[in-house]
$ cat data-v9.tsv   # TSV, C-alpha atoms
chain	number	residue	atom	x	y	z
A	588	MET	CA	91.79	20.25	50.88
A	589	THR	CA	90.07	17.22	49.40
A	590	ASP	CA	89.49	14.43	51.87
A	591	PHE	CA	90.23	10.81	51.07
A	592	VAL	CA	87.42	8.40	51.67
A	593	THR	CA	86.52	4.97	50.42
A	594	GLU	CA	83.22	3.97	48.98
A	595	ALA	CA	81.16	1.88	51.36
A	596	ARG	CA	79.97	-1.37	49.83
A	597	PRO	CA	77.97	-4.23	51.36
A	598	TYR	CA	79.93	-6.52	53.65
A	599	SER	CA	79.75	-10.18	52.68
A	600	GLY	CA	80.79	-13.37	54.39
A	601	ASP	CA	83.37	-14.04	51.68
A	602	ALA	CA	84.87	-10.62	51.06
A	603	ARG	CA	84.07	-7.04	50.34
A	604	GLU	CA	84.03	-5.73	46.82
A	605	ARG	CA	86.98	-3.62	45.79
A	606	ARG	CA	86.68	-0.17	47.29
A	607	GLU	CA	87.40	2.83	45.10
A	608	PRO	CA	88.68	6.21	46.26
A	609	ILE	CA	86.22	9.07	46.15
A	610	ALA	CA	86.92	12.74	46.63
A	611	SER	CA	84.58	14.53	48.97
A	612	HIS	CA	84.55	17.64	51.11
A	613	GLY	CA	83.65	16.11	54.43
A	614	ASP	CA	80.20	14.89	53.42
A	615	GLY	CA	81.16	11.24	53.65
A	616	GLY	CA	81.21	10.71	49.89
A	617	THR	CA	78.21	8.49	49.32
A	618	GLY	CA	76.74	9.44	52.68
A	619	ALA	CA	76.97	5.81	53.81
A	620	PHE	CA	79.41	6.66	56.60
A	621	ASP	CA	79.12	9.68	58.84
A	622	GLY	CA	81.63	8.65	61.49
A	623	GLN	CA	79.16	8.74	64.36
A	624	GLU	CA	79.33	5.02	65.09
A	625	ALA	CA	83.13	5.00	65.01
A	626	ALA	CA	83.21	8.09	67.22
A	627	ALA	CA	80.94	6.37	69.73
A	628	ILE	CA	83.12	3.24	69.71
A	629	LEU	CA	86.26	5.29	70.23
A	630	GLU	CA	84.68	7.29	73.04
A	631	ALA	CA	83.47	4.10	74.75
A	632	ALA	CA	86.96	2.62	74.44
A	633	ARG	CA	88.50	5.73	75.92
A	634	LEU	CA	86.07	5.67	78.86
A	635	SER	CA	86.84	1.99	79.48
A	636	VAL	CA	90.61	2.21	79.15
A	637	ASP	CA	91.50	5.60	80.63
A	638	PRO	CA	91.07	4.51	84.28
A	639	ALA	CA	93.47	1.62	83.71
A	640	LEU	CA	95.92	3.92	81.94
A	641	ARG	CA	95.76	6.55	84.69
A	642	ALA	CA	96.29	3.89	87.35
A	643	ALA	CA	99.29	2.50	85.47
A	644	LEU	CA	100.84	5.94	84.98
A	645	GLY	CA	100.16	6.74	88.61
A	646	SER	CA	102.41	3.86	89.64
A	647	LEU	CA	105.46	5.41	87.96
A	648	PRO	CA	108.14	7.27	89.94
A	649	GLY	CA	107.43	11.00	90.14
A	650	SER	CA	109.76	12.17	87.35
A	651	MET	CA	108.55	9.53	84.89
A	652	ARG	CA	104.92	10.03	85.91
A	653	ARG	CA	105.09	13.75	85.18
A	654	ILE	CA	106.46	13.23	81.66
A	655	ALA	CA	103.99	10.45	80.87
A	656	LEU	CA	101.00	12.44	82.10
A	657	TYR	CA	102.18	15.42	80.06
A	658	HIS	CA	102.54	13.25	76.97
A	659	PHE	CA	99.01	11.87	77.42
A	660	GLY	CA	97.69	15.42	77.76
A	661	TRP	CA	96.51	14.99	81.35
A	662	GLU	CA	98.98	17.42	82.89
A	663	HIS	CA	100.74	20.61	81.88
A	664	ALA	CA	104.51	20.72	81.93
A	665	ASP	CA	104.41	22.22	85.42
A	666	GLY	CA	102.40	19.27	86.72
A	667	THR	CA	99.05	21.03	86.98
A	668	PRO	CA	95.98	19.17	85.64
A	669	ALA	CA	95.13	19.59	81.96
A	670	ALA	CA	92.10	18.59	79.92
A	671	GLY	CA	94.26	17.55	76.99
A	672	ASN	CA	93.89	15.10	74.14
A	673	PRO	CA	95.33	11.65	74.88
A	674	GLY	CA	94.75	10.48	71.31
A	675	LYS	CA	91.96	8.80	69.38
A	676	ALA	CA	92.24	5.40	71.14
A	677	ILE	CA	92.12	3.50	67.85
A	678	ARG	CA	94.29	0.62	69.05
A	679	PRO	CA	92.53	-0.06	72.36
A	680	ALA	CA	89.21	0.29	70.53
A	681	LEU	CA	90.33	-2.45	68.13
A	682	VAL	CA	91.21	-4.73	71.07
A	683	LEU	CA	87.79	-4.22	72.64
A	684	ALA	CA	85.87	-4.44	69.34
A	685	ALA	CA	87.62	-7.70	68.40
A	686	ALA	CA	86.93	-9.19	71.82
A	687	ALA	CA	83.26	-8.16	71.61
A	688	ALA	CA	82.87	-9.44	68.04
A	689	LEU	CA	84.12	-12.91	68.95
A	690	GLY	CA	83.17	-13.21	72.61
A	691	GLY	CA	80.49	-10.67	73.45
A	692	GLN	CA	80.39	-8.09	76.22
A	693	THR	CA	81.99	-10.41	78.79
A	694	ALA	CA	85.09	-10.77	76.63
A	695	ARG	CA	85.18	-7.03	75.99
A	696	THR	CA	85.13	-6.28	79.71
A	697	ALA	CA	87.87	-8.83	80.36
A	698	ALA	CA	90.09	-7.27	77.67
A	699	VAL	CA	90.24	-3.74	79.13
A	700	ARG	CA	93.61	-4.30	80.82
A	701	ALA	CA	95.02	-5.74	77.58
A	702	ALA	CA	93.65	-2.78	75.63
A	703	ALA	CA	95.42	-0.42	78.02
A	704	ALA	CA	98.66	-2.38	77.50
A	705	VAL	CA	98.40	-1.95	73.75
A	706	GLU	CA	97.83	1.80	74.15
A	707	LEU	CA	100.86	2.07	76.43
A	708	VAL	CA	103.03	0.39	73.80
A	709	HIS	CA	101.68	2.76	71.15
A	710	ASN	CA	102.62	5.77	73.28
A	711	PHE	CA	106.04	4.32	74.02
A	712	THR	CA	106.67	4.34	70.26
A	713	LEU	CA	105.37	7.91	69.93
A	714	LEU	CA	107.72	9.22	72.61
A	715	HIS	CA	110.71	7.56	70.95
A	716	ASP	CA	109.69	8.43	67.39
A	717	ASP	CA	109.32	12.11	68.28
A	718	VAL	CA	112.89	12.15	69.58
A	719	MET	CA	114.30	10.37	66.54
A	720	ASP	CA	112.28	12.36	64.01
A	721	ARG	CA	112.83	15.65	65.92
A	722	ASP	CA	109.10	16.35	65.75
A	723	THR	CA	108.34	19.41	67.86
A	724	THR	CA	104.55	19.13	68.14
A	725	ARG	CA	102.10	16.33	68.84
A	726	ARG	CA	98.39	16.67	69.57
A	727	HIS	CA	98.65	20.45	69.26
A	728	ARG	CA	101.29	20.91	71.98
A	729	PRO	CA	105.09	20.67	72.26
A	730	THR	CA	106.41	17.12	72.25
A	731	ALA	CA	107.82	15.64	75.45
A	732	TRP	CA	111.44	15.79	74.34
A	733	THR	CA	111.19	19.51	73.55
A	734	THR	CA	109.77	20.09	77.03
A	735	PHE	CA	111.78	17.71	79.21
A	736	GLY	CA	114.77	16.80	77.03
A	737	ASP	CA	115.73	13.78	74.95
A	738	ALA	CA	116.89	11.54	77.78
A	739	ASP	CA	113.79	12.00	79.92
A	740	ALA	CA	111.44	11.44	76.97
A	741	ILE	CA	113.26	8.23	76.00
A	742	LEU	CA	113.21	6.94	79.56
A	743	ALA	CA	109.51	7.73	79.91
A	744	GLY	CA	108.89	5.73	76.75
A	745	ASP	CA	110.86	2.81	78.18
A	746	ALA	CA	108.74	3.01	81.33
A	747	LEU	CA	105.51	2.85	79.31
A	748	GLN	CA	106.67	-0.30	77.55
A	749	ALA	CA	107.50	-1.91	80.89
A	750	LEU	CA	104.11	-0.88	82.27
A	751	ALA	CA	102.37	-2.51	79.29
A	752	LEU	CA	104.01	-5.88	79.80
A	753	GLY	CA	103.49	-5.58	83.56
A	754	LEU	CA	99.75	-5.11	83.08
A	755	LEU	CA	99.56	-8.35	81.13
A	756	ALA	CA	101.88	-10.23	83.48
A	757	GLU	CA	99.59	-9.35	86.41
A	758	ASP	CA	96.38	-10.15	84.54
A	759	PRO	CA	94.80	-13.44	85.76
A	760	HIS	CA	92.95	-13.94	82.45
A	761	PRO	CA	93.98	-17.24	80.76
A	762	ALA	CA	94.87	-15.39	77.53
A	763	SER	CA	97.23	-12.91	79.19
A	764	SER	CA	100.38	-14.97	78.67
A	765	ALA	CA	99.73	-15.43	74.94
A	766	ALA	CA	98.82	-11.76	74.65
A	767	ALA	CA	102.05	-10.71	76.39
A	768	ALA	CA	104.12	-12.89	74.08
A	769	ARG	CA	102.37	-11.47	71.02
A	770	LEU	CA	102.78	-7.89	72.23
A	771	ALA	CA	106.47	-8.43	73.00
A	772	ALA	CA	107.03	-9.84	69.50
A	773	CYS	CA	105.17	-6.86	68.11
A	774	VAL	CA	107.47	-4.44	69.96
A	775	ILE	CA	110.46	-6.08	68.30
A	776	GLU	CA	108.78	-5.70	64.91
A	777	LEU	CA	107.97	-2.07	65.66
A	778	CYS	CA	111.61	-1.41	66.53
A	779	ALA	CA	112.75	-3.11	63.32
A	780	GLY	CA	110.33	-0.96	61.36
A	781	GLN	CA	111.58	2.23	63.00
A	782	GLN	CA	115.19	1.21	62.37
A	783	ALA	CA	114.35	0.61	58.71
A	784	ASP	CA	112.68	4.02	58.56
A	785	THR	CA	115.71	5.84	59.96
A	786	ALA	CA	118.04	3.87	57.66
A	787	LEU	CA	115.97	4.80	54.62
A	788	GLU	CA	116.22	8.47	55.52
A	789	LYS	CA	120.01	8.27	55.18
A	790	ARG	CA	119.83	6.96	51.61
A	791	GLY	CA	119.52	9.02	48.47
A	792	PRO	CA	116.10	9.66	46.89
A	793	ALA	CA	116.87	7.31	43.99
A	794	ASP	CA	118.01	4.45	46.24
A	795	VAL	CA	114.71	3.59	47.96
A	796	THR	CA	112.12	1.20	46.52
A	797	LEU	CA	108.38	1.03	47.10
A	798	ASP	CA	108.65	-2.54	48.37
A	799	GLU	CA	111.07	-1.43	51.08
A	800	VAL	CA	108.86	1.41	52.20
A	801	LEU	CA	105.72	-0.76	52.23
A	802	ALA	CA	107.51	-3.38	54.34
A	803	MET	CA	108.67	-0.67	56.71
A	804	ALA	CA	105.13	0.73	56.99
A	805	GLU	CA	103.68	-2.69	57.79
A	806	ALA	CA	106.22	-3.14	60.58
A	807	LYS	CA	105.83	0.39	61.99
A	808	THR	CA	102.06	0.74	61.75
A	809	GLY	CA	100.34	-2.43	60.58
A	810	ALA	CA	102.00	-4.66	63.16
A	811	LEU	CA	100.48	-2.94	66.20
A	812	LEU	CA	97.00	-2.65	64.68
A	813	GLY	CA	97.17	-6.33	63.81
A	814	CYS	CA	98.39	-7.16	67.30
A	815	ALA	CA	95.54	-5.16	68.83
A	816	CYS	CA	92.95	-7.14	66.89
A	817	ALA	CA	94.67	-10.45	67.65
A	818	VAL	CA	94.87	-9.67	71.38
A	819	GLY	CA	91.13	-8.98	71.41
A	820	ALA	CA	90.53	-12.31	69.70
A	821	LEU	CA	92.74	-14.09	72.25
A	822	TYR	CA	90.71	-12.62	75.12
A	823	ALA	CA	87.57	-13.90	73.41
A	824	GLY	CA	89.00	-17.43	73.36
A	825	ALA	CA	88.97	-17.51	69.56
A	826	PRO	CA	90.65	-20.37	67.66
A	827	ASP	CA	94.09	-19.79	66.16
A	828	ASP	CA	92.77	-19.32	62.61
A	829	ASP	CA	90.50	-16.49	63.72
A	830	VAL	CA	93.28	-14.87	65.74
A	831	GLU	CA	95.54	-14.88	62.69
A	832	ALA	CA	92.77	-13.61	60.40
A	833	LEU	CA	92.17	-10.67	62.71
A	834	ASP	CA	95.89	-10.00	62.87
A	835	ALA	CA	95.92	-9.89	59.06
A	836	PHE	CA	92.85	-7.64	59.06
A	837	GLY	CA	94.58	-5.18	61.38
A	838	ARG	CA	97.79	-5.23	59.37
A	839	GLU	CA	95.99	-4.47	56.12
A	840	ALA	CA	93.93	-1.75	57.77
A	841	GLY	CA	97.16	-0.44	59.30
A	842	LEU	CA	98.78	-0.10	55.88
A	843	ALA	CA	95.72	1.81	54.68
A	844	PHE	CA	96.00	3.95	57.82
A	845	GLN	CA	99.68	4.70	57.12
A	846	LEU	CA	99.00	5.56	53.50
A	847	ILE	CA	96.37	8.07	54.56
A	848	ASP	CA	98.62	9.36	57.34
A	849	ASP	CA	101.34	10.00	54.77
A	850	VAL	CA	98.87	11.85	52.55
A	851	ILE	CA	97.92	13.98	55.56
A	852	GLY	CA	101.62	14.55	56.30
A	853	ILE	CA	101.88	16.38	52.98
A	854	TRP	CA	98.43	17.84	52.31
A	855	GLY	CA	96.93	17.98	55.81
A	856	ASP	CA	95.53	21.21	57.23
A	857	PRO	CA	97.76	22.41	60.11
A	858	ARG	CA	94.64	23.66	61.92
A	859	HIS	CA	93.55	20.03	62.23
A	860	THR	CA	96.84	18.12	62.26
A	861	GLY	CA	98.67	20.32	64.78
A	862	LYS	CA	101.78	20.10	62.56
A	863	PRO	CA	103.20	22.57	60.04
A	864	ALA	CA	102.00	22.33	56.43
A	865	GLY	CA	104.00	19.77	54.46
A	866	ALA	CA	105.78	18.58	57.60
A	867	ASP	CA	106.99	15.36	55.98
A	868	LEU	CA	108.37	17.25	52.98
A	869	VAL	CA	110.14	19.71	55.25
A	870	ALA	CA	111.81	16.77	57.01
A	871	ARG	CA	112.60	15.21	53.61
A	872	LYS	CA	110.86	12.02	54.75
A	873	LYS	CA	110.61	9.22	52.23
A	874	SER	CA	106.95	8.64	52.90
A	875	LEU	CA	104.86	6.34	50.74
A	876	PRO	CA	103.47	9.04	48.39
A	877	VAL	CA	106.96	10.53	48.00
A	878	VAL	CA	108.62	7.21	47.11
A	879	ALA	CA	105.77	6.38	44.72
A	880	ALA	CA	106.36	9.74	43.07
A	881	LEU	CA	110.15	9.32	42.99
A	882	THR	CA	109.87	5.90	41.31
A	883	SER	CA	107.21	6.93	38.76
A	884	GLY	CA	109.68	7.65	35.96
A	885	THR	CA	107.95	10.94	35.18
A	886	PRO	CA	109.48	14.38	34.61
A	887	ALA	CA	107.95	15.43	37.92
A	888	ALA	CA	109.82	12.54	39.58
A	889	ALA	CA	113.12	13.94	38.34
A	890	GLU	CA	112.18	17.38	39.63
A	891	LEU	CA	111.25	15.91	43.02
A	892	ALA	CA	114.55	14.01	43.21
A	893	GLU	CA	116.45	17.24	42.64
A	894	LEU	CA	114.48	19.01	45.35
A	895	TYR	CA	114.96	16.14	47.83
A	896	ALA	CA	118.71	16.03	47.17
A	897	VAL	CA	119.25	19.43	48.82
A	898	PRO	CA	118.29	20.80	52.25
A	899	TYR	CA	114.78	22.14	52.70
A	900	ASP	CA	114.05	25.66	51.51
A	901	GLN	CA	110.75	27.28	52.51
A	902	ALA	CA	110.47	28.80	49.06
A	903	ASP	CA	110.36	25.33	47.49
A	904	LEU	CA	107.61	23.82	49.64
A	905	GLU	CA	104.79	24.48	47.19
A	906	ARG	CA	106.90	23.30	44.28
A	907	THR	CA	107.80	20.08	46.12
A	908	THR	CA	104.17	19.42	47.04
A	909	LEU	CA	103.08	19.88	43.43
A	910	ALA	CA	105.88	17.63	42.18
A	911	VAL	CA	104.69	14.77	44.40
A	912	GLU	CA	101.15	15.21	43.12
A	913	ARG	CA	102.11	15.57	39.45
A	914	ALA	CA	104.27	12.45	39.69
A	915	GLY	CA	101.21	10.50	40.90
A	916	GLY	CA	102.21	10.04	44.54
A	917	ARG	CA	98.92	11.20	46.00
A	918	ALA	CA	96.73	9.21	43.60
A	919	TRP	CA	98.85	6.09	44.12
A	920	ALA	CA	98.57	6.35	47.91
A	921	GLN	CA	94.80	6.74	47.74
A	922	GLU	CA	94.40	3.76	45.40
A	923	GLN	CA	96.69	1.62	47.55
A	924	ALA	CA	94.73	2.54	50.67
A	925	ALA	CA	91.53	1.38	48.99
A	926	ASP	CA	93.20	-1.85	47.89
A	927	HIS	CA	94.54	-2.66	51.35
A	928	MET	CA	91.15	-1.95	52.89
A	929	ALA	CA	89.57	-4.43	50.46
A	930	ARG	CA	92.09	-7.03	51.64
A	931	ALA	CA	91.34	-6.13	55.25
A	932	MET	CA	87.63	-6.72	54.68
A	933	SER	CA	88.36	-10.12	53.16
A	934	GLU	CA	90.38	-11.16	56.23
A	935	LEU	CA	87.70	-9.87	58.58
A	936	ALA	CA	84.98	-11.81	56.77
A	937	ARG	CA	87.09	-14.96	57.11
A	938	ALA	CA	87.04	-14.67	60.91
A	939	ILE	CA	83.62	-13.06	61.42
A	940	PRO	CA	81.16	-13.88	58.60
A	941	ASP	CA	78.26	-12.10	60.33
A	942	PRO	CA	78.36	-8.39	59.41
A	943	GLU	CA	76.40	-7.43	62.51
A	944	SER	CA	78.98	-9.04	64.78
A	945	ALA	CA	81.79	-7.41	62.80
A	946	GLY	CA	80.14	-4.00	62.93
A	947	GLY	CA	82.49	-2.40	65.44
A	948	LEU	CA	85.60	-3.47	63.55
A	949	LEU	CA	84.04	-2.38	60.26
A	950	SER	CA	83.30	1.08	61.65
A	951	LEU	CA	86.83	1.48	62.93
A	952	ALA	CA	88.25	0.35	59.59
A	953	GLU	CA	86.10	2.95	57.84
A	954	PHE	CA	87.31	5.57	60.29
A	955	VAL	CA	91.01	5.05	59.66
A	956	THR	CA	90.58	5.51	55.91
A	957	ARG	CA	88.29	8.52	56.13
A	958	ARG	CA	90.35	10.48	58.62
A	959	THR	CA	91.81	13.84	57.65
A	960	THR	CA	93.76	14.58	60.86

$ encode --input "data-v9.tsv" --output "C-alpha cells"
Amino acid sequence: MTDFVTEARPYSGDARERREPIASHGDGGTGAFDGQEAAAILEAARLSVDPALRAALGSLPGSMRRIALYHFGWEHADGTPAAGNPGKAIRPALVLAAAAALGGQTARTAAVRAAAAVELVHNFTLLHDDVMDRDTTRRHRPTAWTTFGDADAILAGDALQALALGLLAEDPHPASSAAAARLAACVIELCAGQQADTALEKRGPADVTLDEVLAMAEAKTGALLGCACAVGALYAGAPDDDVEALDAFGREAGLAFQLIDDVIGIWGDPRHTGKPAGADLVARKKSLPVVAALTSGTPAAAELAELYAVPYDQADLERTTLAVERAGGRAWAQEQAADHMARAMSELARAIPDPESAGGLLSLAEFVTRRTT
C-alpha cells in the first residue's frame, strides 16, 4: 500500500506554502519528517494524562468501570489487568501542546486535567459510534458493545461524557469554566455531525453532495480537534483571537485527519488498522473518497453507484475499491488533505508566529496526515 504524506515546507509567520501529496513507502517522502518528535509528544501526553484518566474511570460504579477500562484497553473482559492500547492520545496531546506553545511548561502542567476531559469525550463518541456503525473491532480487539451489549456500551459512553465535564467543573483553574462551556458546545456539534452521518447513510448514492459530507466531517472530527487546541490556549491565558485561531487550526487539521482516515478505511492494511480490508466499503459508508468518486461524473462513478445500490457482496470488494480509485476518489482525498493542512498552517502561524514555539503542534499536524493506521 502506498502511504499518504505531505511535503514538509518551511514554516513562516504568515503561512505555510501549499503542501503537495507525495507517495512514499514509509520513508517519510522527503525525509524531513520521521515521526520521532510526534511519537515523543504523544508518549509524553499519554504519561501525563493516563493517571488522571485512570483516576476518573476508577470513580465509576463497578459495572461502568469495567466496561470503560475494557474499552481503554486496561482490562480484559473478565476484569483482569491488560496491557492494551488506549489510543494514540492525539487530542490530549493537542491540548498540552497548545498550552505549552502559548504559556510554557506551567500552562502545560495546569492543562492536564482538561486534556483528560477531552480524551474522555473522544472515547464517549467512540463507544457510541461503534454501536451505531455496528463496528465489531477497535484497537485490535472486540468493541465494547460486542462484548457487553449495546445498552451497557451506550451507558458507559454517557458516563465518560459526564466524567469529562465533572473534571472541568472541579478544576480550580480560572479557565476551567470557559473550557467546560466550549467542550459542552463541542459535544453538541459532535452529536449533530454523527446524526448527519447516520442520515446520509440512509440516502441513495446519487443523493449525497461533497459539501454535505465535508460539513459532516468537520462536525464529527474537526470540531473536537479544534476544541482541544482551543482548550489548551484557554489554559495558557491566550487572548480570544489566538484561541479562535487555534480552534481553526485544529478544525482544518481535523478535516485532513478525516480525509486520511477515510483513505485508510478503504485501502488500509488490516494488520495495522485492526479492521477488515475495505471496511468502509463493506458497510457501504459514504466516506469522503466515495462521495468524491460518486460525484465525479466518470464511467467509474456510474459503476460505483450501481455497486453501492445493492447489499455488499464479498466478490465485489476489489471491483468497488478499484471503482473508487478510477473515479478519482483517492486522489481527491489526498489533495484535499494537503489543502486543509495548508490552511491549518496559516491559522497556526496567525496565533504563534514563532516556529520554535509552534513546534509541538506542527509535529502533531504532520503526524495526522502521515498516518497509515

$ closest_atom_pairs --input "data-v9.tsv" --of "range 843-915 of chain A" --to "range 807-829 of chain A" --cutoff "9 Å" --atoms "only C-alpha atoms" --output "Markdown table"
| residue | atom | partner | partner_atom | distance |
| --- | --- | --- | --- | --- |
| A:Ala843 | CA | A:Gly809 | CA | 8.6 |
| A:Phe844 | CA | A:Thr808 | CA | 7.9 |
| A:Gln845 | CA | A:Thr808 | CA | 6.5 |

$ residues_around --input "data-v9.tsv" --residues "range 634-650 of chain A" --least-positions-apart "3" --cutoff "7 Å" --atoms "only C-alpha atoms" --output "list of chain:residue names"
A:Glu630, A:Ala631, A:Arg653, A:Ile654, A:Ala655, A:Val699, A:Arg700, A:Ala702, A:Ala703, A:Leu750

$ residues_around --input "data-v9.tsv" --residues "Leu656 in chain A" --least-positions-apart "5" --cutoff "10 Å" --atoms "only C-alpha atoms" --output "ChimeraX atom specification"
/A:640-641,644-645,651,661-664,666,668-669,671,673,743

$ atom_distance --input "data-v9.tsv" --atom1 "CA of Leu797 in chain A" --atom2 "CA of Leu846 in chain A"
12.2 Å

$ atom_distance --input "data-v9.tsv" --atom1 "CA of Arg769 in chain A" --atom2 "CA of Gly691 in chain A"
22.0 Å

$ residues_around --input "data-v9.tsv" --residues "range 864-871 of chain A" --least-positions-apart "2" --cutoff "8 Å" --atoms "only C-alpha atoms" --output "VMD selection string"
chain A and resid 788 849 852 to 857 862 873 to 874 895 899 904 907 to 908

$ atom_distance --input "data-v9.tsv" --atom1 "CA of Ala889 in chain A" --atom2 "CA of Ala802 in chain A"
24.2 Å

$ residues_near_point --input "data-v9.tsv" --point "(78.9, -3.1, 62.3)" --cutoff "12 Å" --atoms "only C-alpha atoms" --output "list in words"
Pro597, Tyr598, Ser599, Phe620, Glu624, Ala625, Ile628, Ala684, Ala685, Ala687, Ala688, Leu935, Ala936, Ile939, Pro940, Asp941, Pro942, Glu943, Ser944, Ala945, Gly946, Gly947, Leu948, Leu949, Ser950, Leu951, Ala952 and Glu953 of chain A

$ write_last_selection --input "data-v9.tsv" --atoms "C-alpha atoms" --output "PDB file, keeping the file's coordinate frame"
ATOM      1  CA  PRO A 597      77.970  -4.230  51.360  1.00  0.00           C
ATOM      2  CA  TYR A 598      79.930  -6.520  53.650  1.00  0.00           C
ATOM      3  CA  SER A 599      79.750 -10.180  52.680  1.00  0.00           C
ATOM      4  CA  PHE A 620      79.410   6.660  56.600  1.00  0.00           C
ATOM      5  CA  GLU A 624      79.330   5.020  65.090  1.00  0.00           C
ATOM      6  CA  ALA A 625      83.130   5.000  65.010  1.00  0.00           C
ATOM      7  CA  ILE A 628      83.120   3.240  69.710  1.00  0.00           C
ATOM      8  CA  ALA A 684      85.870  -4.440  69.340  1.00  0.00           C
ATOM      9  CA  ALA A 685      87.620  -7.700  68.400  1.00  0.00           C
ATOM     10  CA  ALA A 687      83.260  -8.160  71.610  1.00  0.00           C
ATOM     11  CA  ALA A 688      82.870  -9.440  68.040  1.00  0.00           C
ATOM     12  CA  LEU A 935      87.700  -9.870  58.580  1.00  0.00           C
ATOM     13  CA  ALA A 936      84.980 -11.810  56.770  1.00  0.00           C
ATOM     14  CA  ILE A 939      83.620 -13.060  61.420  1.00  0.00           C
ATOM     15  CA  PRO A 940      81.160 -13.880  58.600  1.00  0.00           C
ATOM     16  CA  ASP A 941      78.260 -12.100  60.330  1.00  0.00           C
ATOM     17  CA  PRO A 942      78.360  -8.390  59.410  1.00  0.00           C
ATOM     18  CA  GLU A 943      76.400  -7.430  62.510  1.00  0.00           C
ATOM     19  CA  SER A 944      78.980  -9.040  64.780  1.00  0.00           C
ATOM     20  CA  ALA A 945      81.790  -7.410  62.800  1.00  0.00           C
ATOM     21  CA  GLY A 946      80.140  -4.000  62.930  1.00  0.00           C
ATOM     22  CA  GLY A 947      82.490  -2.400  65.440  1.00  0.00           C
ATOM     23  CA  LEU A 948      85.600  -3.470  63.550  1.00  0.00           C
ATOM     24  CA  LEU A 949      84.040  -2.380  60.260  1.00  0.00           C
ATOM     25  CA  SER A 950      83.300   1.080  61.650  1.00  0.00           C
ATOM     26  CA  LEU A 951      86.830   1.480  62.930  1.00  0.00           C
ATOM     27  CA  ALA A 952      88.250   0.350  59.590  1.00  0.00           C
ATOM     28  CA  GLU A 953      86.100   2.950  57.840  1.00  0.00           C
TER      29      GLU A 953
END

$ closest_residue --input "data-v9.tsv" --among "A:Leu777, A:Val955, A:Leu689, A:Met803" --to "Val708 in chain A" --atoms "all atoms listed in the file"
A:Leu777

$ closest_residue --input "data-v9.tsv" --among "A:Glu922, A:Ala896, A:Asn710, A:Ala765" --to "Arg790 in chain A" --atoms "all atoms listed in the file"
A:Ala896

$ residues_around --input "data-v9.tsv" --residues "Trp919 in chain A" --least-positions-apart "6" --cutoff "10 Å" --atoms "all atoms listed in the file" --output "list in words"
Leu846, Leu875, Pro876, Ala879, Ala880, Ser883, Glu912 and Ala925 of chain A

$ closest_residue --input "data-v9.tsv" --among "A:Lys675, A:Arg726, A:His927, A:Arg633" --to "Ala835 in chain A" --atoms "only C-alpha atoms"
A:His927

$ closest_residue --input "data-v9.tsv" --among "A:Ala762, A:Thr860, A:Glu757, A:Glu831" --to "His727 in chain A" --atoms "only C-alpha atoms"
A:Thr860

$ residues_around --input "data-v9.tsv" --residues "Ala786 in chain A" --least-positions-apart "6" --cutoff "12 Å" --atoms "all atoms listed in the file" --output "list in words"
Met719, Ala779, Gly780, Asp794, Val795, Glu799, Val800, Met803, Lys872 and Lys873 of chain A

$ write_last_selection --input "data-v9.tsv" --atoms "C-alpha atoms" --output "CSV table (one decimal), in the coordinates of the input"
chain,number,residue,atom,x,y,z
A,719,MET,CA,114.3,10.4,66.5
A,779,ALA,CA,112.8,-3.1,63.3
A,780,GLY,CA,110.3,-1.0,61.4
A,794,ASP,CA,118.0,4.4,46.2
A,795,VAL,CA,114.7,3.6,48.0
A,799,GLU,CA,111.1,-1.4,51.1
A,800,VAL,CA,108.9,1.4,52.2
A,803,MET,CA,108.7,-0.7,56.7
A,872,LYS,CA,110.9,12.0,54.8
A,873,LYS,CA,110.6,9.2,52.2

$ closest_residue --input "data-v9.tsv" --among "A:Asp758, A:Ala771, A:Phe659, A:Ile677" --to "Gly744 in chain A" --atoms "only C-alpha atoms"
A:Phe659
